[in-house]
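Heads up, protein_4.txt below (compact mmCIF, C-alpha atoms and all ligand atoms):
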# COMPACT_ATOMS: atom_id res chain seq x y z
CA PRO A 1 140.00 115.03 -51.64
CA LEU A 2 143.28 113.74 -50.20
CA ILE A 3 142.45 111.18 -47.51
CA MET A 4 144.42 108.93 -45.15
CA GLY A 5 142.73 105.74 -43.92
CA ILE A 6 143.80 103.87 -40.80
CA GLU A 7 142.77 100.26 -40.14
CA SER A 8 143.44 98.18 -37.01
CA SER A 9 140.30 96.11 -36.40
CA CYS A 10 141.99 92.71 -36.46
CA ASP A 11 145.57 91.65 -37.13
CA GLU A 12 146.50 94.00 -39.98
CA THR A 13 147.87 97.48 -39.29
CA GLY A 14 146.88 99.28 -42.48
CA VAL A 15 147.46 102.85 -43.62
CA GLY A 16 146.30 103.94 -47.06
CA ILE A 17 146.21 107.28 -48.84
CA VAL A 18 143.89 108.12 -51.73
CA ARG A 19 143.11 111.19 -53.81
CA GLY A 20 139.49 110.80 -54.90
CA HIS A 21 139.39 107.29 -56.40
CA GLU A 22 143.14 107.22 -57.00
CA LEU A 23 145.23 104.99 -54.75
CA LEU A 24 148.49 106.69 -53.70
CA ALA A 25 149.69 104.41 -50.89
CA ASP A 26 148.64 101.15 -49.28
CA GLU A 27 150.95 100.06 -46.46
CA VAL A 28 150.10 97.02 -44.38
CA ALA A 29 151.98 95.47 -41.46
CA SER A 30 150.50 92.16 -40.37
CA SER A 31 150.95 90.07 -37.24
CA VAL A 32 149.53 87.06 -39.11
CA GLU A 33 152.76 85.04 -38.85
CA GLU A 34 152.84 85.53 -35.10
CA GLN A 35 149.10 84.73 -34.91
CA ALA A 36 149.56 81.57 -37.00
CA ARG A 37 151.59 80.07 -34.15
CA TYR A 38 148.45 80.21 -32.02
CA GLY A 39 146.19 78.96 -34.84
CA GLY A 40 144.10 82.12 -34.80
CA VAL A 41 144.11 85.75 -33.74
CA VAL A 42 144.98 86.40 -30.09
CA PRO A 43 143.53 89.85 -29.26
CA GLU A 44 146.34 90.94 -26.90
CA VAL A 45 148.98 89.95 -29.43
CA ALA A 46 147.13 91.96 -32.09
CA SER A 47 146.86 95.09 -29.92
CA ARG A 48 150.54 95.02 -29.05
CA ALA A 49 151.53 94.52 -32.69
CA HIS A 50 149.36 97.48 -33.76
CA LEU A 51 151.00 99.67 -31.12
CA GLU A 52 154.44 98.83 -32.47
CA ALA A 53 153.55 99.06 -36.16
CA MET A 54 151.16 102.02 -36.25
CA ILE A 55 153.42 105.08 -36.46
CA PRO A 56 156.02 103.46 -38.77
CA THR A 57 153.18 102.38 -41.09
CA VAL A 58 151.74 105.93 -41.13
CA GLN A 59 155.20 107.27 -41.96
CA ARG A 60 155.74 104.75 -44.76
CA ALA A 61 152.36 105.60 -46.30
CA LEU A 62 153.11 109.35 -46.23
CA GLU A 63 156.50 108.75 -47.87
CA LYS A 64 155.01 106.46 -50.50
CA ALA A 65 152.28 108.96 -51.40
CA ASP A 66 154.79 111.80 -51.14
CA VAL A 67 152.47 113.97 -49.08
CA SER A 68 152.66 115.50 -45.61
CA LEU A 69 150.10 115.18 -42.84
CA SER A 70 149.09 118.82 -43.08
CA GLU A 71 148.10 118.42 -46.75
CA LEU A 72 145.42 115.85 -45.90
CA ASP A 73 141.78 116.90 -46.23
CA ALA A 74 140.70 114.24 -43.76
CA ILE A 75 141.73 111.12 -41.88
CA ALA A 76 139.33 108.16 -41.71
CA VAL A 77 139.78 105.44 -39.12
CA THR A 78 138.04 102.13 -38.45
CA ALA A 79 135.85 102.61 -35.34
CA GLY A 80 134.29 99.12 -35.51
CA PRO A 81 133.40 96.34 -35.73
CA GLY A 82 136.47 94.40 -34.62
CA LEU A 83 138.61 93.52 -31.62
CA ALA A 84 138.11 96.18 -28.94
CA GLY A 85 141.76 96.61 -27.95
CA ALA A 86 142.95 96.53 -31.56
CA LEU A 87 140.43 99.19 -32.61
CA MET A 88 141.55 101.46 -29.77
CA VAL A 89 145.12 101.56 -31.03
CA GLY A 90 144.08 102.81 -34.49
CA VAL A 91 141.45 105.21 -33.18
CA GLY A 92 143.82 106.54 -30.50
CA ALA A 93 146.52 107.17 -33.08
CA ALA A 94 144.08 108.78 -35.52
CA LYS A 95 142.65 111.10 -32.84
CA ALA A 96 146.15 112.16 -31.83
CA LEU A 97 147.10 112.91 -35.46
CA SER A 98 143.87 114.84 -35.96
CA ALA A 99 144.21 116.81 -32.72
CA ALA A 100 147.83 117.70 -33.47
CA THR A 101 147.25 118.81 -37.07
CA GLY A 102 143.64 120.02 -37.13
CA VAL A 103 142.86 117.59 -39.99
CA PRO A 104 139.20 116.44 -39.61
CA LEU A 105 138.64 112.84 -38.51
CA TYR A 106 135.92 110.38 -39.58
CA GLY A 107 135.25 107.26 -37.48
CA VAL A 108 133.98 104.67 -39.96
CA ASN A 109 132.57 101.18 -40.30
CA HIS A 110 135.08 98.49 -41.32
CA LEU A 111 132.39 96.61 -43.25
CA SER A 112 131.41 99.69 -45.28
CA SER A 113 135.11 100.07 -46.12
CA HIS A 114 135.25 96.50 -47.46
CA ILE A 115 132.47 97.54 -49.85
CA ALA A 116 133.76 101.04 -50.71
CA VAL A 117 137.24 99.82 -51.68
CA ASP A 118 135.83 98.56 -54.97
CA THR A 119 135.65 102.14 -56.27
CA LEU A 120 139.46 102.36 -56.24
CA GLU A 121 139.39 99.60 -58.82
CA ASN A 122 136.19 100.20 -60.77
CA GLY A 123 135.37 103.88 -60.27
CA PRO A 124 132.18 105.41 -58.88
CA LEU A 125 129.16 103.20 -58.26
CA GLU A 126 126.18 104.38 -60.31
CA GLY A 127 122.84 103.32 -58.89
CA SER A 128 122.25 100.63 -56.28
CA ALA A 129 124.06 97.34 -55.76
CA ILE A 130 123.67 94.17 -53.76
CA GLY A 131 126.78 93.90 -51.61
CA LEU A 132 128.03 90.41 -50.83
CA LEU A 133 130.30 90.99 -47.87
CA VAL A 134 132.21 87.87 -46.88
CA SER A 135 135.06 88.07 -44.41
CA GLY A 136 136.64 86.53 -41.34
CA GLY A 137 133.94 87.80 -39.00
CA HIS A 138 130.96 88.53 -41.27
CA SER A 139 128.84 87.14 -44.07
CA ASN A 140 126.20 89.61 -45.12
CA ILE A 141 124.04 90.51 -48.01
CA ILE A 142 123.49 94.25 -47.90
CA ARG A 143 121.70 96.67 -50.13
CA VAL A 144 123.98 99.55 -51.12
CA ASP A 145 122.11 102.62 -52.33
CA ASP A 146 124.87 105.14 -51.64
CA LEU A 147 128.36 104.22 -50.44
CA ALA A 148 128.52 107.27 -48.15
CA LEU A 149 124.91 107.58 -47.06
CA LYS A 150 122.79 104.49 -47.28
CA THR A 151 123.40 100.79 -46.94
CA SER A 152 120.82 98.48 -45.44
CA TYR A 153 120.73 95.03 -43.99
CA VAL A 154 119.34 92.23 -46.16
CA GLY A 155 120.74 89.00 -44.70
CA GLU A 156 123.50 87.61 -42.50
CA THR A 157 125.04 84.40 -41.22
CA LEU A 158 123.23 82.81 -38.31
CA ASP A 159 126.46 81.24 -37.00
CA ASP A 160 129.97 81.10 -38.51
CA ALA A 161 131.19 83.66 -41.04
CA ALA A 162 132.40 82.31 -44.40
CA GLY A 163 136.05 83.15 -43.63
CA GLU A 164 135.72 81.59 -40.21
CA ALA A 165 134.45 78.39 -41.86
CA PHE A 166 137.51 78.35 -44.17
CA ASP A 167 139.80 78.84 -41.15
CA LYS A 168 138.09 76.11 -39.08
CA VAL A 169 137.94 73.57 -41.90
CA ALA A 170 141.62 74.18 -42.68
CA ARG A 171 142.41 73.30 -39.09
CA ILE A 172 140.24 70.15 -39.29
CA VAL A 173 142.09 68.88 -42.38
CA GLY A 174 145.49 69.88 -40.96
CA LEU A 175 146.22 72.97 -43.05
CA PRO A 176 147.72 76.16 -41.50
CA TYR A 177 146.04 79.44 -40.50
CA PRO A 178 144.67 81.49 -42.19
CA GLY A 179 142.70 78.79 -43.94
CA GLY A 180 141.18 80.75 -46.83
CA PRO A 181 144.22 81.04 -49.10
CA VAL A 182 145.47 77.49 -48.40
CA ILE A 183 142.07 75.89 -49.03
CA ASP A 184 141.73 77.94 -52.21
CA LYS A 185 145.10 76.56 -53.35
CA ALA A 186 144.43 72.95 -52.30
CA ALA A 187 141.01 73.05 -53.98
CA LYS A 188 142.64 73.75 -57.34
CA GLU A 189 144.13 70.23 -57.22
CA GLY A 190 140.91 68.62 -56.01
CA ASP A 191 137.53 67.50 -57.37
CA ARG A 192 134.75 69.79 -56.19
CA GLU A 193 132.15 67.13 -56.91
CA ALA A 194 133.95 64.42 -54.93
CA ILE A 195 131.84 64.91 -51.79
CA ARG A 196 128.38 66.44 -51.62
CA PHE A 197 128.54 68.59 -48.47
CA PRO A 198 125.32 70.26 -47.22
CA ARG A 199 124.20 73.70 -48.46
CA GLY A 200 122.94 75.50 -45.34
CA LEU A 201 119.57 77.31 -45.35
CA THR A 202 118.63 76.39 -48.91
CA GLN A 203 115.76 73.96 -48.22
CA ALA A 204 112.27 75.18 -49.10
CA LYS A 205 111.30 75.69 -45.43
CA ASP A 206 114.48 77.71 -44.72
CA MET A 207 114.01 79.80 -47.84
CA LYS A 208 110.81 81.20 -46.35
CA LYS A 209 112.25 82.45 -43.09
CA HIS A 210 115.93 82.83 -44.01
CA ARG A 211 115.82 83.66 -47.69
CA TYR A 212 119.00 85.77 -47.71
CA ASP A 213 120.69 84.35 -44.62
CA PHE A 214 123.59 81.92 -44.37
CA SER A 215 124.67 79.14 -42.03
CA PHE A 216 128.10 77.52 -42.21
CA SER A 217 128.49 75.71 -38.90
CA GLY A 218 126.58 72.62 -40.11
CA LEU A 219 128.90 72.44 -43.10
CA LYS A 220 131.97 72.62 -40.86
CA THR A 221 130.53 69.79 -38.71
CA ALA A 222 129.77 67.74 -41.82
CA VAL A 223 133.41 68.05 -42.88
CA ALA A 224 134.59 67.02 -39.40
CA ARG A 225 132.26 63.96 -39.42
CA TRP A 226 133.38 62.97 -42.89
CA ILE A 227 137.01 63.01 -41.74
CA GLU A 228 136.27 61.20 -38.46
CA ALA A 229 134.47 58.42 -40.33
CA ARG A 230 137.70 57.77 -42.27
CA GLU A 231 140.08 57.70 -39.34
CA GLY A 232 143.14 55.65 -40.04
CA SER A 233 142.96 56.01 -43.79
CA GLU A 234 144.56 58.78 -45.80
CA ILE A 235 142.41 61.90 -46.17
CA PRO A 236 142.01 63.27 -49.72
CA VAL A 237 142.69 66.83 -48.52
CA ASN A 238 142.40 68.42 -51.96
CA ASP A 239 139.01 66.84 -52.65
CA VAL A 240 137.71 67.79 -49.20
CA ALA A 241 138.95 71.37 -49.71
CA ALA A 242 137.38 71.63 -53.18
CA SER A 243 134.07 70.10 -52.09
CA PHE A 244 133.85 72.28 -48.97
CA GLN A 245 134.73 75.41 -50.93
CA GLU A 246 132.10 74.55 -53.53
CA ALA A 247 129.40 74.28 -50.86
CA VAL A 248 130.27 77.73 -49.46
CA CYS A 249 130.54 79.42 -52.86
CA ASP A 250 127.39 77.76 -54.20
CA VAL A 251 125.21 79.18 -51.41
CA LEU A 252 126.85 82.62 -51.35
CA THR A 253 126.46 83.16 -55.08
CA LYS A 254 122.93 81.74 -55.32
CA LYS A 255 121.58 83.94 -52.56
CA ALA A 256 123.33 87.10 -53.77
CA VAL A 257 121.96 86.61 -57.29
CA LEU A 258 118.51 85.86 -55.91
CA ALA A 259 118.55 89.05 -53.80
CA ALA A 260 119.57 91.15 -56.82
CA GLN A 261 116.83 89.64 -58.97
CA GLU A 262 114.12 89.93 -56.34
CA MET A 263 115.05 93.52 -55.45
CA ASP A 264 115.45 94.46 -59.08
CA ILE A 265 119.04 95.63 -58.66
CA ASP A 266 121.39 95.03 -61.58
CA THR A 267 124.80 94.99 -59.87
CA ILE A 268 126.52 92.70 -57.38
CA LEU A 269 129.45 94.12 -55.48
CA LEU A 270 131.74 91.63 -53.76
CA GLY A 271 133.89 92.57 -50.76
CA GLY A 272 135.75 91.20 -47.71
CA GLY A 273 138.64 88.77 -47.27
CA VAL A 274 136.77 85.80 -48.77
CA ALA A 275 136.19 87.89 -51.91
CA ALA A 276 139.78 86.91 -52.71
CA ASN A 277 138.59 83.32 -53.24
CA SER A 278 139.15 82.27 -56.84
CA ARG A 279 136.20 79.85 -57.04
CA LEU A 280 133.83 82.44 -55.56
CA ARG A 281 134.87 84.92 -58.25
CA GLU A 282 134.54 82.28 -60.98
CA LEU A 283 131.10 81.10 -59.89
CA LEU A 284 129.86 84.68 -59.46
CA HIS A 285 131.05 85.47 -62.98
CA GLU A 286 129.08 82.51 -64.36
CA ARG A 287 125.92 83.19 -62.44
CA THR A 288 125.82 86.96 -62.84
CA ALA A 289 126.37 86.50 -66.58
CA GLU A 290 123.47 84.01 -66.74
CA ALA A 291 121.25 86.42 -64.81
CA ASP A 292 122.40 89.43 -66.84
CA LEU A 293 123.81 91.25 -63.80
CA ASN A 294 126.96 93.36 -63.48
CA LEU A 295 129.69 92.10 -61.16
CA ARG A 296 132.24 94.31 -59.40
CA TYR A 297 135.07 93.36 -57.07
CA PRO A 298 138.44 94.77 -56.07
CA ARG A 299 141.82 93.16 -56.81
CA MET A 300 142.77 90.43 -54.33
CA ARG A 301 145.25 92.58 -52.43
CA LEU A 302 142.45 95.01 -51.52
CA CYS A 303 140.01 92.30 -50.35
CA THR A 304 141.69 91.49 -47.04
CA ASP A 305 142.10 94.21 -44.41
CA ASN A 306 144.06 97.31 -45.43
CA GLY A 307 144.11 101.08 -44.92
CA ALA A 308 143.29 101.97 -48.53
CA MET A 309 139.74 100.70 -48.09
CA VAL A 310 139.22 103.01 -45.12
CA ALA A 311 140.64 105.92 -47.11
CA ALA A 312 138.32 105.04 -50.02
CA LEU A 313 135.29 105.24 -47.75
CA GLY A 314 136.60 108.48 -46.19
CA SER A 315 136.88 109.95 -49.65
CA HIS A 316 133.19 109.24 -50.28
CA LEU A 317 132.15 110.75 -46.96
CA VAL A 318 134.10 113.95 -47.62
CA SER A 319 132.82 114.20 -51.21
CA ALA A 320 129.26 113.74 -49.93
CA GLY A 321 129.81 116.71 -47.61
CA LEU A 322 129.28 114.80 -44.38
CA PRO A 323 130.55 116.44 -41.18
CA ALA A 324 133.58 114.93 -39.44
CA SER A 325 133.19 112.99 -36.17
CA GLU A 326 133.57 114.75 -32.81
CA LEU A 327 136.96 113.68 -31.43
CA ARG A 328 135.38 111.99 -28.41
CA PHE A 329 133.72 109.23 -30.45
CA PRO A 330 134.06 105.68 -29.05
CA THR A 331 135.08 102.42 -30.69
CA ASP A 332 132.28 99.90 -31.17
CA SER A 333 133.38 96.29 -31.51
CA SER A 334 129.94 95.20 -32.72
CA LEU A 335 129.08 98.20 -34.92
CA SER A 336 126.13 97.24 -37.09
CA VAL A 337 126.50 96.75 -40.83
CA ASP A 338 124.17 99.66 -41.73
CA THR A 339 126.02 102.35 -39.74
CA ILE A 340 128.55 103.87 -42.13
CA LEU A 341 129.85 106.76 -40.02
CA ILE A 342 129.97 106.50 -36.24
CA GLY A 343 127.90 108.96 -34.17
CA ASP A 344 129.22 110.53 -30.98
P1 LIG B 401 135.78 91.29 -40.62
O1 LIG B 401 136.09 92.01 -41.87
O2 LIG B 401 134.49 90.54 -40.65
O3 LIG B 401 135.95 92.13 -39.40
P2 LIG B 401 138.43 90.20 -40.81
O4 LIG B 401 138.77 91.64 -41.01
O5 LIG B 401 139.19 89.39 -39.85
O6 LIG B 401 136.88 90.11 -40.48
P3 LIG B 401 139.21 89.93 -43.50
O7 LIG B 401 140.60 90.38 -43.35
O8 LIG B 401 138.28 90.77 -44.24
O9 LIG B 401 138.53 89.46 -42.14
O10 LIG B 401 139.28 88.50 -44.15
C1 LIG B 401 140.05 87.48 -43.58
C2 LIG B 401 139.37 86.18 -43.89
O11 LIG B 401 139.37 85.97 -45.30
C3 LIG B 401 140.02 84.98 -43.25
O12 LIG B 401 139.02 84.18 -42.65
C4 LIG B 401 140.67 84.27 -44.43
O13 LIG B 401 140.75 82.85 -44.27
C5 LIG B 401 139.72 84.63 -45.56
N1 LIG B 401 140.36 84.54 -46.88
C6 LIG B 401 141.45 85.20 -47.32
N2 LIG B 401 141.78 84.78 -48.57
C7 LIG B 401 140.85 83.84 -48.92
C8 LIG B 401 140.65 83.01 -50.06
N3 LIG B 401 141.46 83.05 -51.12
N4 LIG B 401 139.60 82.15 -50.03
C9 LIG B 401 138.77 82.08 -48.98
N5 LIG B 401 138.92 82.82 -47.88
C10 LIG B 401 139.95 83.70 -47.83
MG MG B 402 143.35 89.58 -41.17
FE FE B 403 137.88 92.78 -42.59

Can you present the structure in this file as structure tokens?
Amino acid sequence: PLIMGIESSCDETGVGIVRGHELLADEVASSVEEQARYGGVVPEVASRAHLEAMIPTVQRALEKADVSLSELDAIAVTAGPGLAGALMVGVGAAKALSAATGVPLYGVNHLSSHIAVDTLENGPLEGSAIGLLVSGGHSNIIRVDDLALKTSYVGETLDDAAGEAFDKVARIVGLPYPGGPVIDKAAKEGDREAIRFPRGLTQAKDMKKHRYDFSFSGLKTAVARWIEAREGSEIPVNDVAASFQEAVCDVLTKKAVLAAQEMDIDTILLGGGVAANSRLRELLHERTAEADLNLRYPRMRLCTDNGAMVAALGSHLVSAGLPASELRFPTDSSLSVDTILIGD
């Protein structure tokens, strides 16, 4: 099927078009430079930027894919989770396009899209996978039995998301927002064994109750304390970045591999903005190889928010024969990770 995906849950206005698993267009307008001035995403700024960028981005995607609106088999739009006002811009636009053209509309989960986008790169997913979903607002281990029909909750972060930890630690060491890419870069020049930062929820007592859960706020505090204790002297930013990044990636990969082994699932599927992290990919390669597991992830460009991922999920929903959403469906800023398609 020919599907358009619309994404506006945070600060990227994304419109993608796919035919089956084939990517035809992936247009993204971002307010990240404007947001960087505030050191993080300001919801009102994001909503306004979406309103300005939405229709031009839709038009660019249609031109790029060389298709017209009426040729689409469906439109998929992010209904949640995300910033309430930002979501409403994308959903409002998608409803208007659907109402005007009669093209069916699917209101979908942003997190499911981060997982489904992998199929644009690696083709259909055969069998089940353990999804490691790591982004700016979420860090989850989920069990993926069917990309369109069944994903279930396995574990989550009890406090900060992995991406959030990258962003906060960047700020602590004086690097710009968003922190993920700059820490990744700084870490390449640093020694990841320079400082032994804590690995949250990996002690024996935590492994009973929170076997597949994460915690990153203690790590962030440990970095802040380490810096404070050295006030006045020069901070080895690259070593701090590398050692912090290692602590995050160590826990993420260990728990994902453990979940796969204990649930007898042979594939790990990585998704979300932090999936762009080069050390996370490297460590996952090592550890999945050791454990004889398959590893799948999308190219970096498709890890952070975009419309192609929403279109990829829409394509699965249509292929699975699921009915479109009623046009009155709401946005849900805290939509749960196991709801793929929003109800009405
Ligand atoms: P969510 O998907 O949970 O709603 P979001 O959409 O804001 O949150 P994404 O766009 O998926 O988040 O990811 C953005 C996050 O990814 C930011 O926190 C950013 O710092 C992080 N990130 C991006 N590139 C990298 C990288 N190379 N290494 C680590 N983190 C990264
Ligand atoms: Mg973003
Ligand atoms: Fe996201």

Residues within 12 Å of ligand FE 403 (chain B) (all atoms listed in the file), as number ranges by chain?
A: 7-14, 78, 80-83, 109-115, 117, 133-139, 161-164, 271-276, 302-307, 309-310

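Here the question is which of A:Glu326, A:Glu156, A:Glu231, A:Asp206 gets nearest to Arg143 of chain A using all atoms listed in the file, and that residue is A:Glu156.
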
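Straight-line separation from atom CA of Asp73 of chain A to atom O5 of ligand LIG 401 (chain B): 28.4 Å.
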
Could you please determine the separation between atom CA of Leu23 of chain A and atom CA of Ala308 of chain A in Å, to one decimal place?
7.2 Å

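The closest residue to ligand LIG 401 (chain B), picked from A:Ile183, A:Val237, A:Ala86, A:Val58 and counting all atoms listed in the file, is A:Ile183.
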
Identify, on the basis of all atoms listed in the file, every residue whose closest approach to Leu201 of chain A does not exceed 7 Å; exclude the query and any residue fewer than 2 positions from it along the same chain; express the result as JSON, numbers by chain.
{"A": [199, 203, 206, 207, 210, 214, 215]}

Using all atoms listed in the file, the shortest atom-to-atom distance to His316 of chain A among A:Lys95, A:Leu69, A:Val240, A:Leu341 belongs to A:Leu341

For Pro181 of chain A: contacts at 10 Å, all atoms listed in the file, fewer than 5 positions along chain excluded, given as number ranges by chain:
A: 166-167, 170, 176, 186-187, 273-274, 276-278

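Nearest-residue note for ligand LIG 401 (chain B): choosing from A:Val32, A:Met54, A:Ala96, A:Ile227, the minimum distance belongs to A:Val32, counting only C-alpha atoms and all ligand atoms.
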
Pairwise distance, atom CA of Thr221 of chain A with atom CA of Leu175 of chain A, equals 16.6 Å

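Compared by their closest atoms to ligand MG 402 (chain B), and using all atoms listed in the file, the residues A:Pro330, A:Pro1, A:Pro323, A:Gly40 rank with A:Gly40 nearest.
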
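Distance annotation: of A:Asp191, A:Glu228, A:Asp184, A:Glu246, the residue with the minimal separation from ligand LIG 401 (chain B) is A:Asp184; atom set is all atoms listed in the file.
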
Near-Phe244 of chain A list (12 Å; only C-alpha atoms; drop same-chain fewer than 3 positions) as a PyMOL selection string:
chain A and resi 162+165-170+172-173+180+183-184+186-187+190-200+216-224+226+237-241+247-251+279

Selection above as a file: C-alpha atoms, as a PDB file, in the frame of the given file:
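As written to disk, again15.pdb reads:
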ATOM      1  CA  ALA A 162     132.400  82.310 -44.400  1.00  0.00           C
ATOM      2  CA  ALA A 165     134.450  78.390 -41.860  1.00  0.00           C
ATOM      3  CA  PHE A 166     137.510  78.350 -44.170  1.00  0.00           C
ATOM      4  CA  ASP A 167     139.800  78.840 -41.150  1.00  0.00           C
ATOM      5  CA  LYS A 168     138.090  76.110 -39.080  1.00  0.00           C
ATOM      6  CA  VAL A 169     137.940  73.570 -41.900  1.00  0.00           C
ATOM      7  CA  ALA A 170     141.620  74.180 -42.680  1.00  0.00           C
ATOM      8  CA  ILE A 172     140.240  70.150 -39.290  1.00  0.00           C
ATOM      9  CA  VAL A 173     142.090  68.880 -42.380  1.00  0.00           C
ATOM     10  CA  GLY A 180     141.180  80.750 -46.830  1.00  0.00           C
ATOM     11  CA  ILE A 183     142.070  75.890 -49.030  1.00  0.00           C
ATOM     12  CA  ASP A 184     141.730  77.940 -52.210  1.00  0.00           C
ATOM     13  CA  ALA A 186     144.430  72.950 -52.300  1.00  0.00           C
ATOM     14  CA  ALA A 187     141.010  73.050 -53.980  1.00  0.00           C
ATOM     15  CA  GLY A 190     140.910  68.620 -56.010  1.00  0.00           C
ATOM     16  CA  ASP A 191     137.530  67.500 -57.370  1.00  0.00           C
ATOM     17  CA  ARG A 192     134.750  69.790 -56.190  1.00  0.00           C
ATOM     18  CA  GLU A 193     132.150  67.130 -56.910  1.00  0.00           C
ATOM     19  CA  ALA A 194     133.950  64.420 -54.930  1.00  0.00           C
ATOM     20  CA  ILE A 195     131.840  64.910 -51.790  1.00  0.00           C
ATOM     21  CA  ARG A 196     128.380  66.440 -51.620  1.00  0.00           C
ATOM     22  CA  PHE A 197     128.540  68.590 -48.470  1.00  0.00           C
ATOM     23  CA  PRO A 198     125.320  70.260 -47.220  1.00  0.00           C
ATOM     24  CA  ARG A 199     124.200  73.700 -48.460  1.00  0.00           C
ATOM     25  CA  GLY A 200     122.940  75.500 -45.340  1.00  0.00           C
ATOM     26  CA  PHE A 216     128.100  77.520 -42.210  1.00  0.00           C
ATOM     27  CA  SER A 217     128.490  75.710 -38.900  1.00  0.00           C
ATOM     28  CA  GLY A 218     126.580  72.620 -40.110  1.00  0.00           C
ATOM     29  CA  LEU A 219     128.900  72.440 -43.100  1.00  0.00           C
ATOM     30  CA  LYS A 220     131.970  72.620 -40.860  1.00  0.00           C
ATOM     31  CA  THR A 221     130.530  69.790 -38.710  1.00  0.00           C
ATOM     32  CA  ALA A 222     129.770  67.740 -41.820  1.00  0.00           C
ATOM     33  CA  VAL A 223     133.410  68.050 -42.880  1.00  0.00           C
ATOM     34  CA  ALA A 224     134.590  67.020 -39.400  1.00  0.00           C
ATOM     35  CA  TRP A 226     133.380  62.970 -42.890  1.00  0.00           C
ATOM     36  CA  VAL A 237     142.690  66.830 -48.520  1.00  0.00           C
ATOM     37  CA  ASN A 238     142.400  68.420 -51.960  1.00  0.00           C
ATOM     38  CA  ASP A 239     139.010  66.840 -52.650  1.00  0.00           C
ATOM     39  CA  VAL A 240     137.710  67.790 -49.200  1.00  0.00           C
ATOM     40  CA  ALA A 241     138.950  71.370 -49.710  1.00  0.00           C
ATOM     41  CA  ALA A 247     129.400  74.280 -50.860  1.00  0.00           C
ATOM     42  CA  VAL A 248     130.270  77.730 -49.460  1.00  0.00           C
ATOM     43  CA  CYS A 249     130.540  79.420 -52.860  1.00  0.00           C
ATOM     44  CA  ASP A 250     127.390  77.760 -54.200  1.00  0.00           C
ATOM     45  CA  VAL A 251     125.210  79.180 -51.410  1.00  0.00           C
ATOM     46  CA  ARG A 279     136.200  79.850 -57.040  1.00  0.00           C
TER      47      ARG A 279
END
